[in-house]
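S.K.: Quick one: the structure is below, and I'll ask about it shortly.
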Amino acid sequence: MTAFNDESGTDSALRRSLGVSRRRFLSSCTAAAATAIAAPAFGASPAFAQPASHKGHDHDHGHGQVLVPAAKRGIILYTVRDATGRDPLSTNLPSGFRDVFKELARYGYKQVEFAGYGQHANAPGGSNLETVEGAKLLRSWLDDYGLRAQGNHGFIPSSWPLNQSDLDQFKRTLEITNILGMDHMGTGGDPTGSAYRADWDVAADKWNALGQIAHRAGIKLYTHNHDAAYGFLLDGGPLDAQGRPTRSSGIRKLEYFLKVTDPKTVWLEMDIYWAHVAQYKFHTYTAHDGSQRENIFDPAALVRSHNKRYPLFHAKDGVVNTTSGEGYDMVPFGTGVIDYRTFFSRVGEANYRNPMIEQDNAPSSTDLAQSLKHARIGYDNLAALRK
């Protein structure tokens, strides 16, 4: 395996304790949530623990520099998957891709990220638009409503080395990507679910190969993270019964992946919510010598250390919940405690980044319009972010 590491070294902020005082942390939380907090606290840097009055949902449109330019305000369609999936013959609500595109454009969105190309069979174009003809239809609707597709959580071959069937399907996926006019194509999962360096080496080899294929097609291939990818890599110390390492050097899994993949062909999409869950969950590790060490994760510092590797973000918000095991519960963007104003200020490159509003739990079985309502709330709060 060839290691690629032409980026600057890991920001020293990743090695500092970024703990926040209890008083300052509680200013972001409700009193009820605060009573449940036990040490260690979230470990958020001041960048992520500002009081709510500092956040974008002030709707302070008139002052300061816009943090997310209008042309870069996007949404992943997973957020409104109930709307694209519902039967247009049974409701007056927007249904199917075409109607949903029209509605999202009405809110102000300029970009979308797909989460597959399926919709209700009764919607225009039918149930499966993952074909050349379907992609052309989708592209026409995007153009009609002034939207641009910027990515898709789609097919990544499961085989390695690649079998012919997977390679052919991957190339068809790239063809559809180009018809839709995307710069990026990716997946919603981590490169591997393993904690072991050897497995991340294999994943890096695979992604380097896939990235080269995508690069030849003019597409940037990206992988999306969840919290586990920012846990600590097991890469040394005593071996377990299966001969696997049990301790860590302190490098995080996705940090290692960044070092051993080609920055010219492999890209990343940070889910900022899950990165904050990782900050809450993974703050200590057992070093090779058996000592316990602290390393508080700073998501923005990682982005800055690998600046161009992060063209895409998922922007979803959360409120504190220390009983869930994750530290947060998802809420509509701009209504939680994650300080997106400071995050976007720190990572910069506003005309390069493509943040996509996401809320996994936006669909509701009792309020069928909820996901679109939350999409609108998310857009307004994204647009309101100012330095």
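Naming works like this for the structure tokens: A, B, ... for the chains as they're shown, residue 1 at the start of each chain, ligands 1 onward in shown order.
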From a backbone DSSP assignment, name each residue in region 39-206 of chain A labelled strand (DSSP E or B), as a ChimeraX atom specification.
M.R.: /A:66,74-76,111-114,118,128,148-153,184-187,196
S.K.: Taking 2 positions as the minimum chain separation for residues in the same chain, which residues sit within 10 Å of region 244-253 of chain A when counting only C-alpha atoms? Answer as a VMD selection string.
M.R.: chain A and resid 10 14 to 15 191 to 198 200 228 to 242 255 to 258 282 to 291 293 to 295 297
S.K.: Choose the residue, out of A:Asp199, A:Glu326, A:Asp82, A:Asp183, that has the smallest atom-to-atom separation from Asn152 (chain A); count only C-alpha atoms.
M.R.: A:Asp183
S.K.: Could you pull out the helix (DSSP H, G or I) residues of region 185-382 of chain A, going by DSSP on the backbone, and write them as an MDAnalysis selection string?
M.R.: chainID A and resid 197:216 227:230 253:260 272:281 299:305 307:309 340:347 370:382
S.K.: Between CA of His120 (chain A) and CA of Asp360 (chain A), what is the distance in Å, rounded to a tenth?
M.R.: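 Result for CA of His120 (chain A) versus CA of Asp360 (chain A): 19.5 Å, one decimal.
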S.K.: For Val347 (chain A), which residue among A:Leu302, A:Ala384, A:Lys264, A:Gly334 is the nearest when counting only C-alpha atoms?
M.R.: A:Leu302
S.K.: Can you pull out every residue within 12 Å of Gln370 (chain A), counting only C-alpha atoms, but drop anything in the same chain fewer than 2 positions away, and send it as number ranges by chain?
M.R.: A: 79-83, 93-94, 332, 359, 361-368, 372-377
S.K.: Can you write just those residues out, N, CA and C atoms, as a CSV table (one decimal), in the first residue's frame?
M.R.:
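Result file out-v4.csv:
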```
chain,number,residue,atom,x,y,z
A,79,THR,N,-33.5,13.7,3.8
A,79,THR,CA,-34.2,14.5,4.7
A,79,THR,C,-35.7,14.5,4.4
A,80,VAL,N,-36.0,14.5,3.1
A,80,VAL,CA,-37.4,14.6,2.6
A,80,VAL,C,-37.8,13.3,1.9
A,81,ARG,N,-37.3,12.2,2.3
A,81,ARG,CA,-37.5,11.0,1.6
A,81,ARG,C,-38.9,10.5,1.6
A,82,ASP,N,-39.7,10.9,2.6
A,82,ASP,CA,-41.1,10.6,2.6
A,82,ASP,C,-41.8,11.3,1.5
A,83,ALA,N,-41.4,12.6,1.2
A,83,ALA,CA,-42.0,13.4,0.2
A,83,ALA,C,-41.7,12.8,-1.2
A,93,LEU,N,-50.0,17.1,-1.1
A,93,LEU,CA,-48.6,17.5,-0.8
A,93,LEU,C,-47.6,17.2,-1.9
A,94,PRO,N,-46.5,17.9,-2.0
A,94,PRO,CA,-45.5,17.6,-3.0
A,94,PRO,C,-45.1,16.2,-2.9
A,332,PRO,N,-34.2,20.1,14.0
A,332,PRO,CA,-34.1,20.9,12.7
A,332,PRO,C,-32.9,21.8,12.8
A,359,GLN,N,-31.6,16.0,8.2
A,359,GLN,CA,-32.2,15.7,9.4
A,359,GLN,C,-32.8,14.3,9.3
A,361,ASN,N,-34.5,12.3,11.2
A,361,ASN,CA,-35.8,12.1,11.7
A,361,ASN,C,-36.9,13.1,11.3
A,362,ALA,N,-36.7,13.8,10.2
A,362,ALA,CA,-37.6,14.8,9.8
A,362,ALA,C,-39.0,14.3,9.3
A,363,PRO,N,-39.0,13.1,8.6
A,363,PRO,CA,-40.3,12.6,8.3
A,363,PRO,C,-41.1,12.2,9.5
A,364,SER,N,-42.5,12.4,9.4
A,364,SER,CA,-43.4,12.1,10.5
A,364,SER,C,-44.6,11.3,10.0
A,365,SER,N,-45.1,10.3,10.8
A,365,SER,CA,-46.3,9.6,10.4
A,365,SER,C,-47.5,10.3,10.8
A,366,THR,N,-47.4,11.3,11.6
A,366,THR,CA,-48.6,12.1,12.1
A,366,THR,C,-48.7,13.5,11.4
A,367,ASP,N,-47.6,14.0,11.0
A,367,ASP,CA,-47.6,15.3,10.3
A,367,ASP,C,-46.9,15.1,9.0
A,368,LEU,N,-47.6,14.8,7.9
A,368,LEU,CA,-47.0,14.4,6.7
A,368,LEU,C,-46.3,15.5,6.0
A,372,LEU,N,-40.8,18.6,5.0
A,372,LEU,CA,-40.6,19.8,4.2
A,372,LEU,C,-40.6,21.1,5.0
A,373,LYS,N,-41.4,21.1,6.1
A,373,LYS,CA,-41.4,22.2,7.0
A,373,LYS,C,-40.0,22.4,7.6
A,374,HIS,N,-39.4,21.2,8.0
A,374,HIS,CA,-38.1,21.3,8.6
A,374,HIS,C,-37.0,21.6,7.6
A,375,ALA,N,-37.3,21.2,6.4
A,375,ALA,CA,-36.3,21.6,5.3
A,375,ALA,C,-36.3,23.1,5.1
A,376,ARG,N,-37.5,23.7,5.3
A,376,ARG,CA,-37.6,25.2,5.1
A,376,ARG,C,-37.0,25.9,6.3
A,377,ILE,N,-37.2,25.4,7.5
A,377,ILE,CA,-36.5,25.9,8.7
A,377,ILE,C,-35.0,25.8,8.6
```
